[in-house]
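Asker: Got query.txt for you, compact mmCIF, C-alpha atoms:
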```txt
# COMPACT_ATOMS: atom_id res chain seq x y z
CA MET A 4 204.77 101.45 36.73
CA THR A 5 208.10 100.35 38.17
CA THR A 6 208.68 103.87 39.40
CA ALA A 7 205.29 103.99 41.18
CA VAL A 8 205.74 100.66 42.93
CA ALA A 9 209.31 101.28 44.08
CA PRO A 10 208.48 103.91 46.75
CA ALA A 11 205.72 101.69 48.18
CA LEU A 12 208.08 98.73 48.41
CA GLY A 13 210.69 100.90 50.01
CA ARG A 14 208.37 102.02 52.87
CA ARG A 15 208.99 100.48 56.27
CA ARG A 16 206.46 99.74 58.96
CA PRO A 17 206.97 102.12 61.90
CA ALA A 18 208.82 100.63 64.84
CA PHE A 19 206.68 99.46 67.75
CA SER A 20 206.23 102.14 70.40
CA PHE A 21 204.83 101.23 73.81
CA GLY A 22 203.65 104.82 74.35
CA ARG A 23 201.71 104.91 71.06
CA TRP A 24 200.24 101.48 71.86
CA LEU A 25 198.96 102.78 75.21
CA GLU A 26 197.43 105.83 73.50
CA ARG A 27 195.20 103.66 71.30
CA GLU A 28 191.58 104.11 72.33
CA GLY A 29 190.78 100.42 72.67
CA VAL A 30 193.89 99.62 74.73
CA PHE A 31 193.44 102.61 77.05
CA SER A 32 189.76 101.77 77.63
CA TRP A 33 190.55 98.18 78.59
CA LEU A 34 193.34 99.33 80.91
CA MET A 35 190.91 101.64 82.70
CA VAL A 36 188.26 98.92 83.01
CA ALA A 37 190.63 96.16 84.11
CA PRO A 38 191.27 97.29 87.76
CA PRO A 39 187.58 97.59 88.77
CA VAL A 40 186.78 94.31 86.99
CA ALA A 41 189.62 92.58 88.85
CA PHE A 42 188.37 94.14 92.09
CA LEU A 43 184.83 92.85 91.49
CA VAL A 44 186.08 89.38 90.58
CA ALA A 45 188.27 89.18 93.68
CA LEU A 46 185.89 90.66 96.27
CA VAL A 47 182.45 89.89 94.78
CA GLY A 48 182.70 87.15 92.17
CA TYR A 49 184.82 84.69 94.14
CA PRO A 50 182.76 84.93 97.40
CA PHE A 51 179.53 84.67 95.40
CA PHE A 52 180.48 81.47 93.59
CA TYR A 53 182.11 80.05 96.72
CA GLY A 54 178.83 80.75 98.55
CA ILE A 55 176.95 78.81 95.86
CA TRP A 56 179.32 75.87 96.36
CA ILE A 57 178.86 75.94 100.15
CA SER A 58 175.07 76.16 99.79
CA LEU A 59 175.15 72.80 98.00
CA GLN A 60 176.85 71.12 100.96
CA ASN A 61 176.02 69.99 104.45
CA ARG A 62 178.72 72.13 106.03
CA PRO A 63 178.60 72.30 109.85
CA VAL A 64 181.27 74.35 111.60
CA ALA A 65 184.72 72.72 111.98
CA LYS A 66 183.74 69.78 109.75
CA ALA A 67 184.30 68.89 106.13
CA GLY A 68 181.43 69.60 103.76
CA GLU A 69 179.30 66.87 102.22
CA PHE A 70 177.66 67.53 98.84
CA ILE A 71 173.85 67.31 99.15
CA GLY A 72 172.68 69.25 96.09
CA LEU A 73 169.64 71.48 96.59
CA ASP A 74 168.61 69.95 99.93
CA ASN A 75 169.49 73.15 101.84
CA PHE A 76 167.15 75.18 99.63
CA VAL A 77 164.35 72.62 99.97
CA ALA A 78 164.79 72.57 103.75
CA ALA A 79 164.70 76.38 103.86
CA TRP A 80 161.48 76.50 101.86
CA HIS A 81 159.80 74.08 104.26
CA ASP A 82 160.98 76.10 107.27
CA PRO A 83 158.10 78.28 108.59
CA VAL A 84 160.59 80.81 109.94
CA PHE A 85 162.08 81.18 106.46
CA ARG A 86 158.64 81.91 104.99
CA LEU A 87 158.18 84.57 107.68
CA VAL A 88 161.58 85.97 106.73
CA VAL A 89 160.49 86.26 103.08
CA PHE A 90 157.34 88.13 104.12
CA ASN A 91 159.28 90.41 106.49
CA THR A 92 161.85 91.25 103.83
CA ILE A 93 159.19 92.17 101.26
CA VAL A 94 157.23 94.35 103.72
CA TYR A 95 160.38 96.04 105.00
CA THR A 96 161.78 96.73 101.52
CA VAL A 97 158.55 97.91 99.87
CA ALA A 98 157.41 100.15 102.76
CA ALA A 99 160.81 101.75 103.34
CA THR A 100 161.45 102.30 99.62
CA LEU A 101 158.06 103.93 99.03
CA LEU A 102 158.46 106.21 102.04
CA LYS A 103 161.97 107.20 100.95
CA MET A 104 160.80 107.81 97.38
CA VAL A 105 157.91 110.09 98.37
CA GLY A 106 159.78 111.84 101.18
CA GLY A 107 162.99 112.19 99.18
CA LEU A 108 161.16 113.68 96.19
CA GLY A 109 159.37 116.14 98.48
CA LEU A 110 162.65 117.19 100.13
CA ALA A 111 164.33 117.55 96.74
CA LEU A 112 161.54 119.82 95.49
CA VAL A 113 161.86 121.98 98.62
CA MET A 114 165.67 122.08 98.42
CA ASN A 115 165.41 123.17 94.79
CA GLN A 116 163.70 126.42 95.79
CA ASN A 117 165.47 129.66 96.66
CA PHE A 118 165.39 130.47 100.38
CA ARG A 119 167.74 131.69 103.07
CA PHE A 120 170.36 129.25 104.41
CA ARG A 121 169.64 126.89 101.54
CA ASN A 122 173.21 125.59 101.35
CA LEU A 123 173.38 125.06 105.12
CA THR A 124 170.08 123.16 105.00
CA ARG A 125 171.40 120.94 102.20
CA ALA A 126 174.52 120.19 104.24
CA LEU A 127 172.50 119.32 107.35
CA LEU A 128 170.28 117.09 105.25
CA LEU A 129 173.25 114.77 104.67
CA LEU A 130 173.90 114.14 108.38
CA PRO A 131 171.77 110.97 108.74
CA PHE A 132 173.55 109.46 105.75
CA ILE A 133 177.06 110.49 106.89
CA VAL A 134 176.85 109.20 110.47
CA PRO A 135 177.98 105.54 110.71
CA THR A 136 175.04 103.15 110.69
CA VAL A 137 175.92 101.49 113.99
CA LEU A 138 176.25 104.82 115.84
CA SER A 139 172.98 106.23 114.54
CA THR A 140 171.23 102.92 115.27
CA ILE A 141 172.47 102.92 118.86
CA ALA A 142 171.01 106.43 119.21
CA TRP A 143 167.69 105.13 117.89
CA GLN A 144 167.92 102.23 120.33
CA TRP A 145 167.91 104.78 123.15
CA ILE A 146 165.09 106.77 121.52
CA LEU A 147 162.94 103.61 121.29
CA ASP A 148 163.90 102.18 124.69
CA PRO A 149 160.73 101.44 126.75
CA ALA A 150 162.21 102.93 129.95
CA PHE A 151 164.22 105.90 128.65
CA SER A 152 162.47 106.60 125.34
CA VAL A 153 162.00 110.29 124.63
CA ILE A 154 158.97 109.32 122.55
CA ASN A 155 157.36 107.52 125.49
CA TRP A 156 158.21 110.46 127.74
CA ALA A 157 156.41 112.81 125.33
CA LEU A 158 153.41 110.46 125.17
CA ALA A 159 153.24 110.26 128.96
CA TYR A 160 153.71 114.02 129.36
CA THR A 161 150.85 114.78 126.98
CA GLY A 162 148.67 112.08 128.53
CA LEU A 163 148.33 110.12 125.29
CA ALA A 164 149.86 106.92 126.69
CA ASN A 165 151.20 106.09 130.13
CA PRO A 166 153.21 103.91 130.11
CA GLY A 167 154.30 104.17 126.49
CA PRO A 168 154.46 101.15 124.19
CA SER A 169 157.41 98.80 123.91
CA TRP A 170 158.56 99.86 120.44
CA LEU A 171 161.04 97.03 119.96
CA GLY A 172 159.22 94.42 122.07
CA ASN A 173 156.00 94.27 120.08
CA PRO A 174 156.26 92.41 116.74
CA TYR A 175 154.27 94.97 114.75
CA LEU A 176 155.76 98.04 116.42
CA ALA A 177 159.27 96.59 116.00
CA MET A 178 158.84 96.27 112.23
CA PHE A 179 157.25 99.73 112.08
CA SER A 180 160.20 101.17 114.04
CA LEU A 181 162.73 99.55 111.70
CA ILE A 182 160.96 100.98 108.65
CA VAL A 183 160.97 104.45 110.23
CA VAL A 184 164.68 104.28 111.09
CA ASN A 185 165.59 102.97 107.62
CA THR A 186 163.53 105.74 106.02
CA TRP A 187 165.21 108.38 108.19
CA ARG A 188 168.63 107.10 107.20
CA GLY A 189 167.89 106.73 103.47
CA LEU A 190 166.05 110.01 102.87
CA PRO A 191 169.22 112.10 102.32
CA PHE A 192 170.46 109.73 99.61
CA TYR A 193 167.14 110.02 97.78
CA ALA A 194 166.80 113.77 98.30
CA ILE A 195 170.31 114.77 97.21
CA THR A 196 170.27 112.47 94.16
CA LEU A 197 166.85 113.71 93.02
CA LEU A 198 167.92 117.30 93.70
CA ALA A 199 170.84 116.80 91.31
CA GLY A 200 168.36 115.51 88.73
CA LEU A 201 166.02 118.47 89.25
CA GLN A 202 168.83 120.94 88.62
CA THR A 203 169.45 119.48 85.17
CA ILE A 204 165.91 120.40 84.04
CA SER A 205 165.93 123.64 82.04
CA PRO A 206 163.84 126.47 83.59
CA GLU A 207 162.70 127.34 80.06
CA LEU A 208 160.54 124.20 80.02
CA TYR A 209 158.67 125.41 83.11
CA GLU A 210 158.31 128.88 81.61
CA ALA A 211 156.87 127.44 78.39
CA ALA A 212 154.45 125.24 80.37
CA THR A 213 153.35 128.24 82.47
CA ILE A 214 152.74 130.31 79.33
CA ASP A 215 150.60 127.45 77.99
CA GLY A 216 148.48 127.68 81.13
CA ALA A 217 149.78 124.63 83.02
CA SER A 218 149.16 124.61 86.76
CA ALA A 219 151.83 123.70 89.34
CA TRP A 220 150.57 120.11 89.46
CA GLN A 221 150.54 119.85 85.66
CA ARG A 222 154.10 121.19 85.46
CA PHE A 223 155.17 118.59 88.01
CA ARG A 224 153.32 115.78 86.25
CA TYR A 225 154.18 116.54 82.64
CA VAL A 226 157.59 118.23 82.96
CA THR A 227 159.31 117.23 86.19
CA LEU A 228 158.33 113.57 86.51
CA PRO A 229 159.08 112.47 82.90
CA LEU A 230 162.51 114.15 82.92
CA LEU A 231 163.27 112.84 86.41
CA LYS A 232 162.22 109.29 85.58
CA PRO A 233 165.74 107.90 84.81
CA VAL A 234 167.12 109.37 88.06
CA ILE A 235 164.20 107.95 90.05
CA PHE A 236 164.86 104.54 88.54
CA ILE A 237 168.56 104.57 89.43
CA VAL A 238 168.08 105.78 93.00
CA THR A 239 165.17 103.38 93.58
CA MET A 240 167.20 100.46 92.28
CA PHE A 241 170.03 101.25 94.68
CA SER A 242 167.57 101.74 97.54
CA VAL A 243 165.91 98.37 96.89
CA ILE A 244 169.29 96.62 96.84
CA PHE A 245 170.50 98.31 100.05
CA THR A 246 167.21 97.81 101.89
CA PHE A 247 166.70 94.22 100.74
CA ALA A 248 170.15 93.25 102.03
CA ASP A 249 170.07 95.45 105.16
CA PHE A 250 171.87 93.90 108.11
CA GLN A 251 173.49 96.40 110.50
CA LEU A 252 170.39 98.42 111.35
CA ILE A 253 168.17 95.40 112.05
CA TYR A 254 170.80 93.37 113.88
CA VAL A 255 171.73 96.22 116.23
CA LEU A 256 168.14 97.22 116.99
CA THR A 257 166.26 93.92 117.26
CA ARG A 258 168.57 91.03 116.23
CA GLY A 259 165.57 89.70 114.31
CA GLY A 260 163.23 89.64 117.30
CA PRO A 261 160.86 89.58 118.94
CA ALA A 262 159.93 86.00 117.96
CA ASN A 263 161.57 86.33 114.51
CA ALA A 264 159.17 89.18 113.68
CA THR A 265 161.91 91.38 112.18
CA HIS A 266 164.25 88.78 110.71
CA VAL A 267 165.15 89.43 107.06
CA PHE A 268 167.33 87.38 104.71
CA ALA A 269 170.63 88.86 105.87
CA THR A 270 170.03 88.59 109.62
CA TYR A 271 168.48 85.11 109.46
CA ALA A 272 171.29 83.79 107.26
CA PHE A 273 173.83 85.20 109.71
CA ASP A 274 172.09 83.58 112.69
CA ILE A 275 171.92 80.18 110.98
CA ALA A 276 175.51 80.30 109.71
CA MET A 277 177.29 81.90 112.67
CA GLY A 278 174.88 81.22 115.53
CA ALA A 279 173.83 77.67 114.69
CA GLY A 280 177.08 76.82 112.87
CA GLN A 281 175.33 75.60 109.71
CA PHE A 282 177.33 77.29 106.95
CA GLY A 283 175.62 75.44 104.10
CA GLN A 284 172.12 76.29 105.30
CA GLY A 285 173.11 79.89 105.98
CA ALA A 286 174.59 80.27 102.50
CA ALA A 287 171.42 78.83 100.94
CA ILE A 288 169.26 81.33 102.85
CA ALA A 289 171.51 84.21 101.84
CA LEU A 290 171.44 83.16 98.16
CA SER A 291 167.66 82.88 98.25
CA MET A 292 167.48 86.68 98.13
CA VAL A 293 169.19 86.83 94.72
CA PRO A 294 166.27 85.66 92.45
CA PRO A 295 163.59 87.97 93.93
CA LEU A 296 166.03 90.87 93.95
CA ALA A 297 166.88 90.25 90.29
CA LEU A 298 163.17 90.06 89.41
CA ILE A 299 162.45 93.33 91.21
CA ILE A 300 165.26 95.12 89.36
CA LEU A 301 164.17 93.60 86.02
CA ALA A 302 160.55 94.65 86.58
CA MET A 303 161.64 98.18 87.46
CA ALA A 304 163.86 98.34 84.38
CA ILE A 305 160.99 97.24 82.12
CA TYR A 306 158.56 99.70 83.73
CA MET A 307 160.97 102.65 83.63
CA ARG A 308 162.30 102.08 80.11
CA PRO A 309 161.73 105.03 77.77
CA SER A 310 158.67 104.72 75.56
CA LYS A 311 159.21 104.60 71.81
CA SER A 312 157.78 107.53 69.99
```
For the file at hand, write its structure as structure tokens.

Answerer:
Amino acid sequence: MTTAVAPALGRRRPAFSFGRWLEREGVFSWLMVAPPVAFLVALVGYPFFYGIWISLQNRPVAKAGEFIGLDNFVAAWHDPVFRLVVFNTIVYTVAATLLKMVGGLGLALVMNQNFRFRNLTRALLLLPFIVPTVLSTIAWQWILDPAFSVINWALAYTGLANPGPSWLGNPYLAMFSLIVVNTWRGLPFYAITLLAGLQTISPELYEAATIDGASAWQRFRYVTLPLLKPVIFIVTMFSVIFTFADFQLIYVLTRGGPANATHVFATYAFDIAMGAGQFGQGAAIALSMVPPLALIILAMAIYMRPSKS
């Protein structure tokens, strides 16, 4: 027994090696996660919590803040313009997201087919998404201008309307125009992402469904849609977030007008904070978009979760 124990007692623990420590799976994983987490804390977490603190204050420009609790949120809820902003944001987000979903899925299905110049077409499809938002919006501002609009020129030339409508001067047409421009800009993101999802579906599944007598619609409904469901959820979630918090497109085209008809959370919060100099009220309006956005994402996650077999 003494002979068996002696070698064990004589063993030494290996000396600490920094290289071996870094190669450990847990340490390496945390080192890879740490930089993006620090980035999020610095550029997202701190402004978010600082915005919450400002929203609880009466904070006019160039003056010290005074803690007032939830008064800014109560005042916003009793503001008729704020209620209009809530309605505008919901209409704008739902309409644009649905149009991008349907149009993007259609484009993805077309781009997934074999035809001449397919790669060139896919590259051109990305142009609306690549061009900077402000530049493309200024181009749309010219397209929708009542005096120089190419759309109004076409309507007058064909005799359908002369003079043409004021696309950005009418409350309903202004919102319609914003939805169209947002849809045009967001379609490539939807189409390319869904196209990537379509190309992961095995052709053998379609062949088996065809052998079983499934029509084109049945193959789309029972093969394509179920397998594409996770991708649709991800791209729709991103689209809802981007559209809900849209600022550049709306502010360049209409600045929330006419008569607050196109104000959404982001543009109205900016006007109150920077235009009226009420930082606390502006922060409260901006933070008011967080609960409905979280509920929308939660509802989508529940609806799109995989069913248990």

Asker: Neighbouring residues of Ala212 (chain A) were defined as those with any atom within 12 Å, considering all atoms listed in the file; residues of the same chain fewer than 2 positions away were excluded. Please report them as a PyMOL selection string.

Answerer: chain A and resi 205-210+214-227

Asker: CA of Gly278 (chain A) and CA of Val47 (chain A) are how many Å apart?

Answerer: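 About the pair CA of Gly278 (chain A) and CA of Val47 (chain A): they are 23.7 Å apart.
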
Asker: Kindly indicate which residue among A:Val89, A:Ala211, A:Met114, A:Leu176 lies nearest to Pro295 (chain A), using only C-alpha atoms for the distances.

Answerer: A:Val89

Asker: With all atoms of region 197-210 of chain A from the file as input, state the centre and edge lengths in Å to one decimal of the axis-aligned box that has 3 Å extra on each side, as lines of an AutoDock Vina configuration file.

Answerer:
```
center_x = 164.6
center_y = 121.3
center_z = 86.9
size_x = 18.5
size_y = 21.2
size_z = 19.7
```

Asker: Check the smallest atom-to-atom distance from each of A:Ile237, A:Ile244, A:Leu59, A:Ala164 to Ala78 (chain A) using all atoms listed in the file, then report the winner.

Answerer: A:Leu59

Asker: Enter the distance from CA of Trp145 (chain A) to CA of Ala276 (chain A), in Å, rounded to one decimal.

Answerer: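 Computed distance, CA of Trp145 (chain A) to CA of Ala276 (chain A), equals 28.9 Å.
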
Asker: Considering only C-alpha atoms, state which residue in the set A:Leu127, A:Val153, A:Val88, A:Ala279 is at the smallest distance from Ile195 (chain A).

Answerer: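 Nearest to Ile195 (chain A): A:Leu127.
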
Asker: Give the answer as one residue: which of A:Ala126, A:Ala159, A:Val184, A:Val44 has the shortest atom-to-atom distance to Val255 (chain A), using all atoms listed in the file?

Answerer: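 When distances to Val255 (chain A) are compared using all atoms listed in the file, the smallest one comes from A:Val184.
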
Asker: Determine, counting all atoms listed in the file, which protein, DNA and RNA residues have an atom within 10 Å of an atom of Gly68 (chain A); residues of the same chain fewer than 2 positions away are not included. Present the result as number ranges by chain.

Answerer: A: 56-66, 70-71, 282-283

Asker: Keeping only C-alpha atoms, write the selected residues as a compact mmCIF listing (two decimals), keeping the file's coordinate frame.

Answerer:
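Final file, result23.txt:
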```
# COMPACT_ATOMS: atom_id res chain seq x y z
CA TRP A 56 179.32 75.87 96.36
CA ILE A 57 178.86 75.94 100.15
CA SER A 58 175.07 76.16 99.79
CA LEU A 59 175.15 72.80 98.00
CA GLN A 60 176.85 71.12 100.96
CA ASN A 61 176.02 69.99 104.45
CA ARG A 62 178.72 72.13 106.03
CA PRO A 63 178.60 72.30 109.85
CA VAL A 64 181.27 74.35 111.60
CA ALA A 65 184.72 72.72 111.98
CA LYS A 66 183.74 69.78 109.75
CA PHE A 70 177.66 67.53 98.84
CA ILE A 71 173.85 67.31 99.15
CA PHE A 282 177.33 77.29 106.95
CA GLY A 283 175.62 75.44 104.10
```

Asker: Could you please determine the separation between CA of Leu256 (chain A) and CA of Met104 (chain A) in Å, to one decimal place?

Answerer: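 Separation between CA of Leu256 (chain A) and CA of Met104 (chain A): 23.5 Å.
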
Asker: I'd like the neighbourhood of Thr140 (chain A) as a list of chain:residue names, where a residue qualifies if any of its atoms comes within 10 Å (using only C-alpha atoms), though same-chain residues fewer than 6 positions away should be ignored.

Answerer: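 Selected residues are A:Val134, A:Ile146, A:Leu181, A:Val184, A:Asn185, A:Arg188, A:Gln251, A:Leu252, A:Ile253, A:Tyr254, A:Val255, A:Leu256.
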
Asker: Looking at A:Tyr306, A:Lys232, A:Leu43, A:Glu69, which one is nearest to Leu201 (chain A), with distances taken over only C-alpha atoms?

Answerer: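 Nearest candidate to Leu201 (chain A) out of A:Tyr306, A:Lys232, A:Leu43, A:Glu69: A:Lys232.
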
Asker: When you count only C-alpha atoms, which of these residues is closest to Ala248 (chain A): A:Ser291, A:Thr213, A:Asn173, A:Asn115?

Answerer: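 Nearest candidate to Ala248 (chain A) out of A:Ser291, A:Thr213, A:Asn173, A:Asn115: A:Ser291.
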
Asker: At the level of all heavy atoms, write region 234-245 of chain A to a file as a PDB file, in the first residue's frame, please.

Answerer:
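What landed in selection-v5.pdb:
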```
ATOM      1  N   VAL A 234     -37.205  31.932 -40.327  1.00  0.00           N
ATOM      2  CA  VAL A 234     -36.583  33.055 -41.028  1.00  0.00           C
ATOM      3  C   VAL A 234     -37.563  34.216 -41.125  1.00  0.00           C
ATOM      4  O   VAL A 234     -37.192  35.386 -40.943  1.00  0.00           O
ATOM      5  CB  VAL A 234     -36.108  32.620 -42.430  1.00  0.00           C
ATOM      6  CG1 VAL A 234     -35.402  33.771 -43.142  1.00  0.00           C
ATOM      7  CG2 VAL A 234     -35.196  31.417 -42.334  1.00  0.00           C
ATOM      8  N   ILE A 235     -38.836  33.906 -41.406  1.00  0.00           N
ATOM      9  CA  ILE A 235     -39.854  34.956 -41.482  1.00  0.00           C
ATOM     10  C   ILE A 235     -39.977  35.661 -40.141  1.00  0.00           C
ATOM     11  O   ILE A 235     -40.114  36.895 -40.080  1.00  0.00           O
ATOM     12  CB  ILE A 235     -41.209  34.349 -41.914  1.00  0.00           C
ATOM     13  CG1 ILE A 235     -41.133  33.848 -43.355  1.00  0.00           C
ATOM     14  CG2 ILE A 235     -42.326  35.380 -41.772  1.00  0.00           C
ATOM     15  CD1 ILE A 235     -42.387  33.138 -43.824  1.00  0.00           C
ATOM     16  N   PHE A 236     -39.917  34.905 -39.058  1.00  0.00           N
ATOM     17  CA  PHE A 236     -40.015  35.519 -37.734  1.00  0.00           C
ATOM     18  C   PHE A 236     -38.861  36.486 -37.471  1.00  0.00           C
ATOM     19  O   PHE A 236     -39.052  37.611 -37.023  1.00  0.00           O
ATOM     20  CB  PHE A 236     -40.034  34.436 -36.653  1.00  0.00           C
ATOM     21  CG  PHE A 236     -39.822  34.977 -35.272  1.00  0.00           C
ATOM     22  CD1 PHE A 236     -40.772  35.774 -34.674  1.00  0.00           C
ATOM     23  CD2 PHE A 236     -38.646  34.718 -34.585  1.00  0.00           C
ATOM     24  CE1 PHE A 236     -40.579  36.294 -33.402  1.00  0.00           C
ATOM     25  CE2 PHE A 236     -38.441  35.229 -33.317  1.00  0.00           C
ATOM     26  CZ  PHE A 236     -39.412  36.023 -32.727  1.00  0.00           C
ATOM     27  N   ILE A 237     -37.638  36.047 -37.778  1.00  0.00           N
ATOM     28  CA  ILE A 237     -36.464  36.884 -37.518  1.00  0.00           C
ATOM     29  C   ILE A 237     -36.520  38.163 -38.339  1.00  0.00           C
ATOM     30  O   ILE A 237     -36.332  39.277 -37.820  1.00  0.00           O
ATOM     31  CB  ILE A 237     -35.168  36.111 -37.823  1.00  0.00           C
ATOM     32  CG1 ILE A 237     -35.004  34.925 -36.859  1.00  0.00           C
ATOM     33  CG2 ILE A 237     -33.959  37.036 -37.731  1.00  0.00           C
ATOM     34  CD1 ILE A 237     -34.856  35.328 -35.414  1.00  0.00           C
ATOM     35  N   VAL A 238     -36.792  38.032 -39.634  1.00  0.00           N
ATOM     36  CA  VAL A 238     -36.778  39.213 -40.504  1.00  0.00           C
ATOM     37  C   VAL A 238     -37.941  40.141 -40.176  1.00  0.00           C
ATOM     38  O   VAL A 238     -37.823  41.374 -40.242  1.00  0.00           O
ATOM     39  CB  VAL A 238     -36.790  38.782 -41.994  1.00  0.00           C
ATOM     40  CG1 VAL A 238     -38.140  38.233 -42.414  1.00  0.00           C
ATOM     41  CG2 VAL A 238     -36.400  39.941 -42.885  1.00  0.00           C
ATOM     42  N   THR A 239     -39.089  39.583 -39.776  1.00  0.00           N
ATOM     43  CA  THR A 239     -40.224  40.420 -39.392  1.00  0.00           C
ATOM     44  C   THR A 239     -39.945  41.156 -38.091  1.00  0.00           C
ATOM     45  O   THR A 239     -40.297  42.334 -37.943  1.00  0.00           O
ATOM     46  CB  THR A 239     -41.499  39.556 -39.242  1.00  0.00           C
ATOM     47  OG1 THR A 239     -41.757  38.881 -40.474  1.00  0.00           O
ATOM     48  CG2 THR A 239     -42.696  40.425 -38.900  1.00  0.00           C
ATOM     49  N   MET A 240     -39.284  40.497 -37.160  1.00  0.00           N
ATOM     50  CA  MET A 240     -38.944  41.140 -35.901  1.00  0.00           C
ATOM     51  C   MET A 240     -38.028  42.341 -36.139  1.00  0.00           C
ATOM     52  O   MET A 240     -38.233  43.427 -35.598  1.00  0.00           O
ATOM     53  CB  MET A 240     -38.270  40.143 -34.956  1.00  0.00           C
ATOM     54  CG  MET A 240     -37.973  40.712 -33.579  1.00  0.00           C
ATOM     55  SD  MET A 240     -37.227  39.499 -32.467  1.00  0.00           S
ATOM     56  CE  MET A 240     -35.637  39.255 -33.274  1.00  0.00           C
ATOM     57  N   PHE A 241     -37.006  42.141 -36.972  1.00  0.00           N
ATOM     58  CA  PHE A 241     -36.111  43.249 -37.284  1.00  0.00           C
ATOM     59  C   PHE A 241     -36.854  44.364 -38.015  1.00  0.00           C
ATOM     60  O   PHE A 241     -36.629  45.552 -37.758  1.00  0.00           O
ATOM     61  CB  PHE A 241     -34.938  42.756 -38.131  1.00  0.00           C
ATOM     62  CG  PHE A 241     -33.821  42.175 -37.325  1.00  0.00           C
ATOM     63  CD1 PHE A 241     -33.576  40.816 -37.325  1.00  0.00           C
ATOM     64  CD2 PHE A 241     -33.004  42.991 -36.559  1.00  0.00           C
ATOM     65  CE1 PHE A 241     -32.546  40.272 -36.579  1.00  0.00           C
ATOM     66  CE2 PHE A 241     -31.966  42.463 -35.813  1.00  0.00           C
ATOM     67  CZ  PHE A 241     -31.737  41.105 -35.813  1.00  0.00           C
ATOM     68  N   SER A 242     -37.737  43.994 -38.928  1.00  0.00           N
ATOM     69  CA  SER A 242     -38.486  45.001 -39.680  1.00  0.00           C
ATOM     70  C   SER A 242     -39.379  45.814 -38.761  1.00  0.00           C
ATOM     71  O   SER A 242     -39.481  47.040 -38.899  1.00  0.00           O
ATOM     72  CB  SER A 242     -39.330  44.323 -40.767  1.00  0.00           C
ATOM     73  OG  SER A 242     -40.125  45.272 -41.438  1.00  0.00           O
ATOM     74  N   VAL A 243     -40.051  45.155 -37.815  1.00  0.00           N
ATOM     75  CA  VAL A 243     -40.916  45.870 -36.871  1.00  0.00           C
ATOM     76  C   VAL A 243     -40.097  46.854 -36.037  1.00  0.00           C
ATOM     77  O   VAL A 243     -40.498  48.011 -35.845  1.00  0.00           O
ATOM     78  CB  VAL A 243     -41.658  44.865 -35.960  1.00  0.00           C
ATOM     79  CG1 VAL A 243     -42.314  45.581 -34.787  1.00  0.00           C
ATOM     80  CG2 VAL A 243     -42.716  44.119 -36.758  1.00  0.00           C
ATOM     81  N   ILE A 244     -38.931  46.412 -35.563  1.00  0.00           N
ATOM     82  CA  ILE A 244     -38.088  47.291 -34.754  1.00  0.00           C
ATOM     83  C   ILE A 244     -37.636  48.498 -35.559  1.00  0.00           C
ATOM     84  O   ILE A 244     -37.737  49.652 -35.112  1.00  0.00           O
ATOM     85  CB  ILE A 244     -36.877  46.513 -34.207  1.00  0.00           C
ATOM     86  CG1 ILE A 244     -37.342  45.450 -33.210  1.00  0.00           C
ATOM     87  CG2 ILE A 244     -35.885  47.450 -33.541  1.00  0.00           C
ATOM     88  CD1 ILE A 244     -36.247  44.502 -32.776  1.00  0.00           C
ATOM     89  N   PHE A 245     -37.130  48.260 -36.789  1.00  0.00           N
ATOM     90  CA  PHE A 245     -36.633  49.358 -37.618  1.00  0.00           C
ATOM     91  C   PHE A 245     -37.746  50.314 -38.017  1.00  0.00           C
ATOM     92  O   PHE A 245     -37.559  51.532 -38.023  1.00  0.00           O
ATOM     93  CB  PHE A 245     -35.944  48.806 -38.872  1.00  0.00           C
ATOM     94  CG  PHE A 245     -34.696  48.023 -38.592  1.00  0.00           C
ATOM     95  CD1 PHE A 245     -34.278  47.005 -39.441  1.00  0.00           C
ATOM     96  CD2 PHE A 245     -33.933  48.292 -37.463  1.00  0.00           C
ATOM     97  CE1 PHE A 245     -33.130  46.281 -39.175  1.00  0.00           C
ATOM     98  CE2 PHE A 245     -32.775  47.570 -37.189  1.00  0.00           C
ATOM     99  CZ  PHE A 245     -32.379  46.572 -38.042  1.00  0.00           C
TER     100      PHE A 245
END
```
